[in-house]
file run-v3.cif (mmCIF, C-alpha atoms and all ligand atoms)
data_work
loop_
_atom_site.label_atom_id
_atom_site.label_comp_id
_atom_site.auth_asym_id
_atom_site.auth_seq_id
_atom_site.Cartn_x
_atom_site.Cartn_y
_atom_site.Cartn_z
CA MET W 9 0.00 0.00 0.00
CA ALA W 10 1.29 3.42 -0.94
CA GLU W 11 1.63 5.84 1.91
CA MET W 12 -1.09 8.46 2.02
CA PRO W 13 0.15 11.76 0.60
CA ASP W 14 -0.17 14.96 2.68
CA ILE W 15 -3.24 16.02 0.76
CA ALA W 16 -4.21 18.96 2.97
CA GLY W 17 -0.65 20.32 2.91
CA ASN W 18 -0.35 19.81 -0.83
CA ILE W 19 -3.66 21.57 -1.45
CA ALA W 20 -2.46 24.54 0.61
CA ARG W 21 0.73 24.68 -1.44
CA VAL W 22 -1.16 24.55 -4.74
CA GLN W 23 -3.58 27.25 -3.54
CA GLU W 24 -0.53 29.37 -2.75
CA ARG W 25 0.85 28.81 -6.27
CA ILE W 26 -2.53 29.84 -7.68
CA ALA W 27 -2.65 32.95 -5.48
CA GLN W 28 0.85 34.01 -6.50
CA ALA W 29 0.23 33.44 -10.20
CA ALA W 30 -3.04 35.37 -9.96
CA ALA W 31 -1.34 38.29 -8.20
CA LYS W 32 1.38 38.34 -10.84
CA ALA W 33 -1.28 38.47 -13.56
CA GLY W 34 -3.21 41.21 -11.74
CA ARG W 35 -6.13 38.85 -11.18
CA ALA W 36 -8.13 37.90 -8.08
CA GLY W 37 -7.16 34.48 -6.73
CA GLU W 38 -10.83 33.63 -6.13
CA ASP W 39 -11.45 33.81 -9.88
CA ILE W 40 -9.42 30.64 -10.36
CA LYS W 41 -10.88 27.36 -9.19
CA LEU W 42 -8.87 24.32 -8.26
CA MET W 43 -10.19 21.14 -9.85
CA LEU W 44 -8.59 17.92 -8.66
CA ALA W 45 -7.75 15.37 -11.35
CA ALA W 46 -9.05 12.25 -9.64
CA LYS W 47 -7.87 9.47 -11.95
CA TYR W 48 -6.56 6.39 -10.14
CA GLN W 49 -7.21 7.95 -6.71
CA PRO W 50 -8.85 5.80 -4.05
CA ALA W 51 -11.98 7.31 -2.52
CA GLU W 52 -10.13 7.99 0.75
CA ASN W 53 -7.92 10.50 -1.08
CA LEU W 54 -10.95 12.31 -2.50
CA ILE W 55 -12.49 12.40 0.97
CA ALA W 56 -9.25 13.80 2.42
CA ALA W 57 -9.35 16.52 -0.26
CA MET W 58 -12.94 17.39 0.62
CA GLU W 59 -12.02 17.56 4.30
CA ALA W 60 -9.28 20.01 3.27
CA GLY W 61 -11.89 22.14 1.51
CA VAL W 62 -11.74 21.12 -2.17
CA ASN W 63 -14.78 19.31 -3.52
CA TYR W 64 -14.34 19.92 -7.24
CA PHE W 65 -13.20 16.86 -9.19
CA GLY W 66 -12.44 15.80 -12.74
CA HIS W 67 -12.40 12.17 -13.88
CA ASN W 68 -10.86 10.69 -17.01
CA LEU W 69 -12.21 7.17 -17.05
CA ILE W 70 -15.92 6.43 -16.83
CA PRO W 71 -15.62 3.22 -14.72
CA GLN W 72 -13.52 5.17 -12.19
CA LEU W 73 -16.06 8.00 -12.26
CA VAL W 74 -18.92 5.62 -11.48
CA GLU W 75 -17.00 3.89 -8.68
CA ALA W 76 -15.80 7.12 -7.06
CA GLU W 77 -19.22 8.75 -7.23
CA ALA W 78 -20.76 5.79 -5.43
CA ALA W 79 -18.12 6.08 -2.70
CA ILE W 80 -18.47 9.84 -2.12
CA SER W 81 -22.18 10.30 -2.81
CA THR W 82 -22.92 11.51 0.72
CA TYR W 83 -20.47 14.43 0.44
CA PRO W 84 -21.52 17.62 -1.35
CA HIS W 85 -19.24 17.95 -4.38
CA PHE W 86 -19.08 18.64 -8.12
CA THR W 87 -17.59 16.27 -10.65
CA SER W 88 -16.90 16.73 -14.32
CA VAL W 89 -15.45 14.49 -17.00
CA ILE W 90 -12.03 15.64 -18.23
CA GLY W 91 -11.06 12.60 -20.30
CA HIS W 92 -12.12 11.65 -23.80
CA ILE W 93 -15.44 9.77 -23.80
CA GLN W 94 -16.67 7.34 -26.41
CA SER W 95 -20.15 8.16 -27.66
CA ASN W 96 -21.63 5.03 -26.12
CA LYS W 97 -20.48 6.13 -22.64
CA LEU W 98 -21.95 9.64 -22.78
CA SER W 99 -25.17 8.63 -21.15
CA THR W 100 -23.43 6.93 -18.19
CA ALA W 101 -21.16 9.94 -17.85
CA MET W 102 -24.16 12.28 -17.71
CA ASP W 103 -25.79 10.19 -15.00
CA HIS W 104 -22.70 10.41 -12.77
CA ALA W 105 -21.03 13.75 -13.54
CA GLN W 106 -22.42 17.27 -13.42
CA ARG W 107 -20.55 18.43 -16.51
CA ILE W 108 -18.58 17.03 -19.45
CA ASP W 109 -15.50 19.10 -20.28
CA THR W 110 -14.27 17.19 -23.34
CA VAL W 111 -16.97 17.60 -25.96
CA ASP W 112 -15.40 18.12 -29.37
CA SER W 113 -17.96 17.17 -32.02
CA LEU W 114 -21.42 18.20 -33.12
CA LYS W 115 -22.43 14.54 -33.12
CA ASN W 116 -21.71 14.27 -29.39
CA LEU W 117 -23.39 17.61 -28.63
CA GLN W 118 -26.49 16.27 -30.38
CA ARG W 119 -26.32 13.01 -28.43
CA ILE W 120 -26.02 14.87 -25.12
CA ASN W 121 -28.90 17.12 -26.13
CA ARG W 122 -31.14 14.13 -26.95
CA ARG W 123 -30.18 12.32 -23.77
CA GLN W 124 -30.87 15.42 -21.67
CA GLU W 125 -34.29 15.76 -23.31
CA ALA W 126 -35.01 12.19 -22.21
CA ARG W 127 -33.69 12.82 -18.70
CA ILE W 128 -35.88 15.91 -18.38
CA ALA W 129 -38.93 14.00 -19.65
CA ALA W 130 -38.20 11.31 -17.02
CA GLY W 131 -37.89 13.89 -14.24
CA GLU W 132 -34.17 13.16 -13.78
CA ALA W 133 -33.03 16.66 -14.76
CA ASP W 134 -34.60 20.08 -15.09
CA ALA W 135 -32.07 22.17 -16.99
CA PRO W 136 -29.78 21.98 -20.02
CA TYR W 137 -26.71 19.78 -19.52
CA PRO W 138 -23.48 21.79 -18.95
CA VAL W 139 -20.48 21.13 -21.17
CA LEU W 140 -17.11 22.60 -22.07
CA LEU W 141 -15.80 22.32 -25.60
CA GLN W 142 -12.33 20.81 -25.81
CA VAL W 143 -9.89 22.43 -28.21
CA ASN W 144 -6.67 20.82 -29.41
CA SER W 145 -4.86 24.11 -28.99
CA ALA W 146 -1.39 22.72 -29.75
CA ALA W 147 -2.49 20.61 -32.76
CA ALA W 148 -1.08 17.60 -30.92
CA PRO W 149 -1.69 14.33 -32.79
CA THR W 150 -2.07 12.50 -29.46
CA GLN W 151 -4.73 14.85 -28.09
CA PHE W 152 -8.46 15.02 -28.59
CA GLY W 153 -10.37 18.25 -29.09
CA CYS W 154 -11.68 20.11 -32.09
CA SER W 155 -9.24 22.16 -34.10
CA PRO W 156 -9.10 25.90 -33.37
CA GLN W 157 -10.52 26.54 -36.84
CA GLU W 158 -13.60 24.39 -36.11
CA LEU W 159 -14.36 25.80 -32.68
CA LEU W 160 -16.57 28.79 -33.43
CA GLU W 161 -18.78 26.85 -35.83
CA LEU W 162 -19.11 24.02 -33.30
CA ALA W 163 -19.97 26.48 -30.51
CA SER W 164 -22.49 28.24 -32.66
CA ARG W 165 -24.25 25.00 -33.68
CA GLY W 166 -24.14 23.81 -30.06
CA SER W 167 -25.71 27.02 -28.80
CA GLU W 168 -28.79 26.21 -30.89
CA LEU W 169 -29.40 22.91 -29.09
CA PRO W 170 -32.01 23.59 -26.39
CA GLN W 171 -30.76 21.12 -23.76
CA ILE W 172 -27.05 21.96 -23.99
CA GLU W 173 -25.40 24.69 -21.94
CA ILE W 174 -21.95 25.58 -23.26
CA CYS W 175 -20.07 26.95 -20.23
CA GLY W 176 -16.66 27.52 -21.81
CA LEU W 177 -13.56 25.83 -23.18
CA MET W 178 -11.03 23.24 -22.06
CA THR W 179 -7.58 22.41 -23.37
CA ILE W 180 -4.55 20.38 -22.42
CA GLY W 181 -2.14 22.60 -24.32
CA ALA W 182 1.34 21.96 -25.59
CA ASN W 183 2.92 18.99 -23.83
CA THR W 184 6.52 20.24 -23.90
CA GLU W 185 9.23 21.84 -21.82
CA VAL W 186 9.34 24.72 -24.29
CA GLU W 187 7.55 27.47 -22.40
CA LYS W 188 6.92 29.57 -25.47
CA GLU W 189 4.80 26.80 -26.98
CA ILE W 190 2.82 26.38 -23.78
CA HIS W 191 2.18 30.13 -23.73
CA ALA W 192 1.05 30.03 -27.36
CA SER W 193 -1.47 27.23 -26.81
CA PHE W 194 -3.02 28.88 -23.75
CA ALA W 195 -3.07 32.31 -25.41
CA LEU W 196 -4.93 30.72 -28.32
CA LEU W 197 -7.57 29.25 -26.01
CA GLN W 198 -8.03 32.62 -24.31
CA GLU W 199 -8.52 34.31 -27.67
CA LEU W 200 -10.98 31.64 -28.84
CA GLY W 201 -12.89 32.00 -25.58
CA ALA W 202 -13.28 35.73 -26.15
CA GLN W 203 -14.44 35.19 -29.73
CA MET W 204 -16.89 32.51 -28.65
CA GLN W 205 -18.39 34.78 -25.99
CA SER W 206 -19.25 37.34 -28.65
CA LEU W 207 -21.47 34.82 -30.49
CA PRO W 208 -25.25 34.93 -29.92
CA GLY W 209 -26.27 33.03 -26.78
CA LEU W 210 -22.70 32.41 -25.65
CA SER W 211 -21.86 35.51 -23.60
CA GLY W 212 -21.97 33.38 -20.43
CA ALA W 213 -19.52 30.75 -21.70
CA LYS W 214 -16.70 32.10 -19.57
CA ILE W 215 -14.92 29.05 -18.20
CA LEU W 216 -11.38 28.45 -19.43
CA SER W 217 -10.19 25.11 -18.05
CA MET W 218 -6.45 24.97 -18.59
CA GLY W 219 -3.30 24.44 -16.57
CA MET W 220 -2.03 21.34 -14.75
CA THR W 221 0.66 20.65 -12.15
CA SER W 222 3.53 21.66 -14.42
CA ASP W 223 2.04 24.68 -16.18
CA LEU W 224 -0.71 26.21 -14.05
CA GLU W 225 1.15 29.53 -13.67
CA ILE W 226 1.33 29.94 -17.45
CA ALA W 227 -2.37 29.10 -17.79
CA ILE W 228 -3.33 31.65 -15.13
CA ALA W 229 -1.31 34.30 -16.98
CA HIS W 230 -3.58 33.62 -19.98
CA GLY W 231 -6.88 33.83 -18.16
CA SER W 232 -7.46 30.29 -16.92
CA THR W 233 -10.51 30.13 -14.63
CA GLU W 234 -9.97 26.51 -13.62
CA VAL W 235 -6.75 24.59 -13.23
CA ARG W 236 -6.83 20.78 -13.16
CA VAL W 237 -4.27 19.40 -10.74
CA GLY W 238 -3.42 15.80 -9.93
CA THR W 239 0.23 15.12 -9.16
CA ALA W 240 0.89 18.22 -7.03
CA VAL W 241 -1.94 17.21 -4.68
CA PHE W 242 -2.00 13.41 -4.73
CA GLY W 243 1.61 12.64 -5.62
CA PRO W 244 2.77 10.49 -8.53
CA ARG W 245 -0.01 8.23 -9.79
CA ALA W 246 0.23 4.52 -9.15
CA GLN W 247 -1.64 3.34 -12.23
CA LYS W 248 -3.37 0.03 -11.85
C1 LIG W 301 -4.28 13.87 -15.26
C2 LIG W 301 -4.85 15.10 -15.84
C3 LIG W 301 -4.63 16.35 -15.27
C4 LIG W 301 -3.70 16.57 -14.08
O1 LIG W 301 -2.39 16.35 -14.43
P1 LIG W 301 -1.20 16.55 -13.37
O2 LIG W 301 -0.02 16.79 -14.21
O3 LIG W 301 -1.12 15.28 -12.59
O4 LIG W 301 -1.55 17.71 -12.53
C5 LIG W 301 -5.25 17.44 -15.83
N1 LIG W 301 -6.05 17.33 -16.91
C6 LIG W 301 -6.29 16.15 -17.49
C7 LIG W 301 -7.18 16.09 -18.65
C8 LIG W 301 -5.69 15.00 -16.98
O5 LIG W 301 -5.92 13.82 -17.57
#

call {"tool": "encode", "arguments": {"input": "run-v3.cif", "output": "structure tokens"}}
result
Amino acid sequence: MAEMPDIAGNIARVQERIAQAAAKAGRAGEDIKLMLAAKYQPAENLIAAMEAGVNYFGHNLIPQLVEAEAAISTYPHFTSVIGHIQSNKLSTAMDHAQRIDTVDSLKNLQRINRRQEARIAAGEADAPYPVLLQVNSAAAPTQFGCSPQELLELASRGSELPQIEICGLMTIGANTEVEKEIHASFALLQELGAQMQSLPGLSGAKILSMGMTSDLEIAIAHGSTEVRVGTAVFGPRAQK
């Protein structure tokens, strides 16, 4: 058994990094939320995080999402999906997460819309389903997300679907040590976010989910409103 990481201490250190990066960017620290990347974490680690004051989680894998949600259902919290989802898992994801942050096709927006119509008809939901659109901001062949060129058209078509609420954008960004490239990918997402907000019906789509353990300061400099942190809080992942 791995030793339990100092989750409360690590969270405090990450909050301090966020506060410093926000101050440097002339932003208010409260405008940046800390989402914990929960993949491969046992429920006890998520509970320790909630006891330390963070109850905002992102899951990559749907089976882990379902298992973790069952284990922490009695705690007030918010969970979104931050990993790529196959179309046939969208419905399960919607039943267990409050938002999907990795939508990158009109086909999947339409599926979510139809499923939410059914959930509303069944009394399981009473509002449009919240999503973020994922953009492959670094044109990385290994990453999902729509291309920057496709984004505005996708957002505009999505905004016409009655049971979809587009809340903003998500990106992984350039996976490199070259800081200039990381800056460029996050700056691109910020610019796309601003353009998207000027489209009809999308002025409220203000979330920019970007920044992880290694690059959250750069993301905050480019307007990130949510950073997704795993390693800095839970330690290196022991993948099963
Ligand atoms: C794992 C993961 C993170 C967190 O990465 P760390 O480097 O461990 O902070 C953030 N976003 C996504 C989509 C992830 O899969």

call {"tool": "closest_atom_pairs", "arguments": {"input": "run-v3.cif", "of": "chain W", "to": "ligand LIG 301 (chain W)", "cutoff": "7 Å", "atoms": "all atoms listed in the file", "output": "tab-separated table"}}
result
residue	atom	partner	partner_atom	distance
W:Ala45	CA	W:LIG301	C4	5.0
W:Lys47	CA	W:LIG301	C1	6.6
W:Asn68	CA	W:LIG301	O5	5.9
W:Ile90	CA	W:LIG301	C7	4.9
W:Gly91	CA	W:LIG301	C7	5.5
W:Ile180	CA	W:LIG301	C7	6.3
W:Met220	CA	W:LIG301	O4	4.3
W:Thr221	CA	W:LIG301	O4	3.7
W:Ser222	CA	W:LIG301	O2	6.0
W:Arg236	CA	W:LIG301	C5	4.6
W:Val237	CA	W:LIG301	O4	3.7
W:Gly238	CA	W:LIG301	O3	3.6
W:Thr239	CA	W:LIG301	O3	3.7
W:Ala240	CA	W:LIG301	O4	6.0

call {"tool": "write_last_selection", "arguments": {"input": "run-v3.cif", "atoms": "C-alpha atoms", "output": "PDB file, in the frame of the given file"}}
result
ATOM      1  CA  ALA W  45      -7.750  15.370 -11.350  1.00  0.00           C
ATOM      2  CA  LYS W  47      -7.870   9.470 -11.950  1.00  0.00           C
ATOM      3  CA  ASN W  68     -10.860  10.690 -17.010  1.00  0.00           C
ATOM      4  CA  ILE W  90     -12.030  15.640 -18.230  1.00  0.00           C
ATOM      5  CA  GLY W  91     -11.060  12.600 -20.300  1.00  0.00           C
ATOM      6  CA  ILE W 180      -4.550  20.380 -22.420  1.00  0.00           C
ATOM      7  CA  MET W 220      -2.030  21.340 -14.750  1.00  0.00           C
ATOM      8  CA  THR W 221       0.660  20.650 -12.150  1.00  0.00           C
ATOM      9  CA  SER W 222       3.530  21.660 -14.420  1.00  0.00           C
ATOM     10  CA  ARG W 236      -6.830  20.780 -13.160  1.00  0.00           C
ATOM     11  CA  VAL W 237      -4.270  19.400 -10.740  1.00  0.00           C
ATOM     12  CA  GLY W 238      -3.420  15.800  -9.930  1.00  0.00           C
ATOM     13  CA  THR W 239       0.230  15.120  -9.160  1.00  0.00           C
ATOM     14  CA  ALA W 240       0.890  18.220  -7.030  1.00  0.00           C
TER      15      ALA W 240
END

call {"tool": "residues_around", "arguments": {"input": "run-v3.cif", "residues": "segment 98-108 of chain W", "least_positions_apart": "5", "cutoff": "9 Å", "atoms": "all atoms listed in the file", "output": "list in words"}}
result
Gly66, His67, Ile70, Leu73, Val74, Glu77, Ala78, Phe86, Thr87, Ser88, Val89, Ile90, Gly91, Ile93, Asn116, Arg119, Ile120, Arg123, Gln124, Glu132, Tyr137, Pro138, Val139, Leu140 and Leu141 of chain W

call {"tool": "atom_distance", "arguments": {"input": "run-v3.cif", "atom1": "atom CA of Ala60 of chain W", "atom2": "atom CA of Thr233 of chain W"}}
result
20.6 Å

call {"tool": "atom_distance", "arguments": {"input": "run-v3.cif", "atom1": "atom CA of Thr110 of chain W", "atom2": "atom CA of Ile128 of chain W"}}
result
22.2 Å

call {"tool": "atom_distance", "arguments": {"input": "run-v3.cif", "atom1": "atom CA of Tyr48 of chain W", "atom2": "atom CA of Leu69 of chain W"}}
result
9.0 Å

call {"tool": "closest_residue", "arguments": {"input": "run-v3.cif", "among": "W:Ser145, W:Ser206, W:Ser211, W:Asn63", "to": "Cys175 of chain W", "atoms": "all atoms listed in the file"}}
result
W:Ser211

call {"tool": "closest_residue", "arguments": {"input": "run-v3.cif", "among": "W:Thr82, W:Glu168, W:Ala146, W:Gln157", "to": "Gln118 of chain W", "atoms": "only C-alpha atoms"}}
result
W:Glu168

call {"tool": "closest_residue", "arguments": {"input": "run-v3.cif", "among": "W:Gly181, W:Gly61, W:Gly176, W:Gln198", "to": "Lys214 of chain W", "atoms": "all atoms listed in the file"}}
result
W:Gly176

call {"tool": "axis_aligned_box", "arguments": {"input": "run-v3.cif", "around": "segment 102-111 of chain W", "padding_each_side": "8 Å", "output": "JSON"}}
result
{"center_x": -20.0, "center_y": 14.6, "center_z": -19.4, "size_x": 27.5, "size_y": 24.9, "size_z": 29.2}

call {"tool": "residues_around", "arguments": {"input": "run-v3.cif", "residues": "segment 26-36 of chain W", "least_positions_apart": "3", "cutoff": "6 Å", "atoms": "all atoms listed in the file", "output": "JSON, numbers by chain"}}
result
{"W": [23, 39, 225, 229]}

call {"tool": "closest_residue", "arguments": {"input": "run-v3.cif", "among": "W:Gly212, W:Gly201, W:Gly243, W:Gly37", "to": "Leu160 of chain W", "atoms": "all atoms listed in the file"}}
result
W:Gly201

call {"tool": "closest_residue", "arguments": {"input": "run-v3.cif", "among": "W:Leu117, W:Ala182, W:Ala129, W:Val235", "to": "Phe65 of chain W", "atoms": "all atoms listed in the file"}}
result
W:Val235

call {"tool": "closest_residue", "arguments": {"input": "run-v3.cif", "among": "W:Pro71, W:Gly17, W:Pro244, W:Gly166", "to": "Ala213 of chain W", "atoms": "only C-alpha atoms"}}
result
W:Gly166

call {"tool": "residues_around", "arguments": {"input": "run-v3.cif", "residues": "Glu189 of chain W", "least_positions_apart": "5", "cutoff": "12 Å", "atoms": "all atoms listed in the file", "output": "number ranges by chain"}}
result
W: 145-148, 181-184, 194-196, 223, 226-227
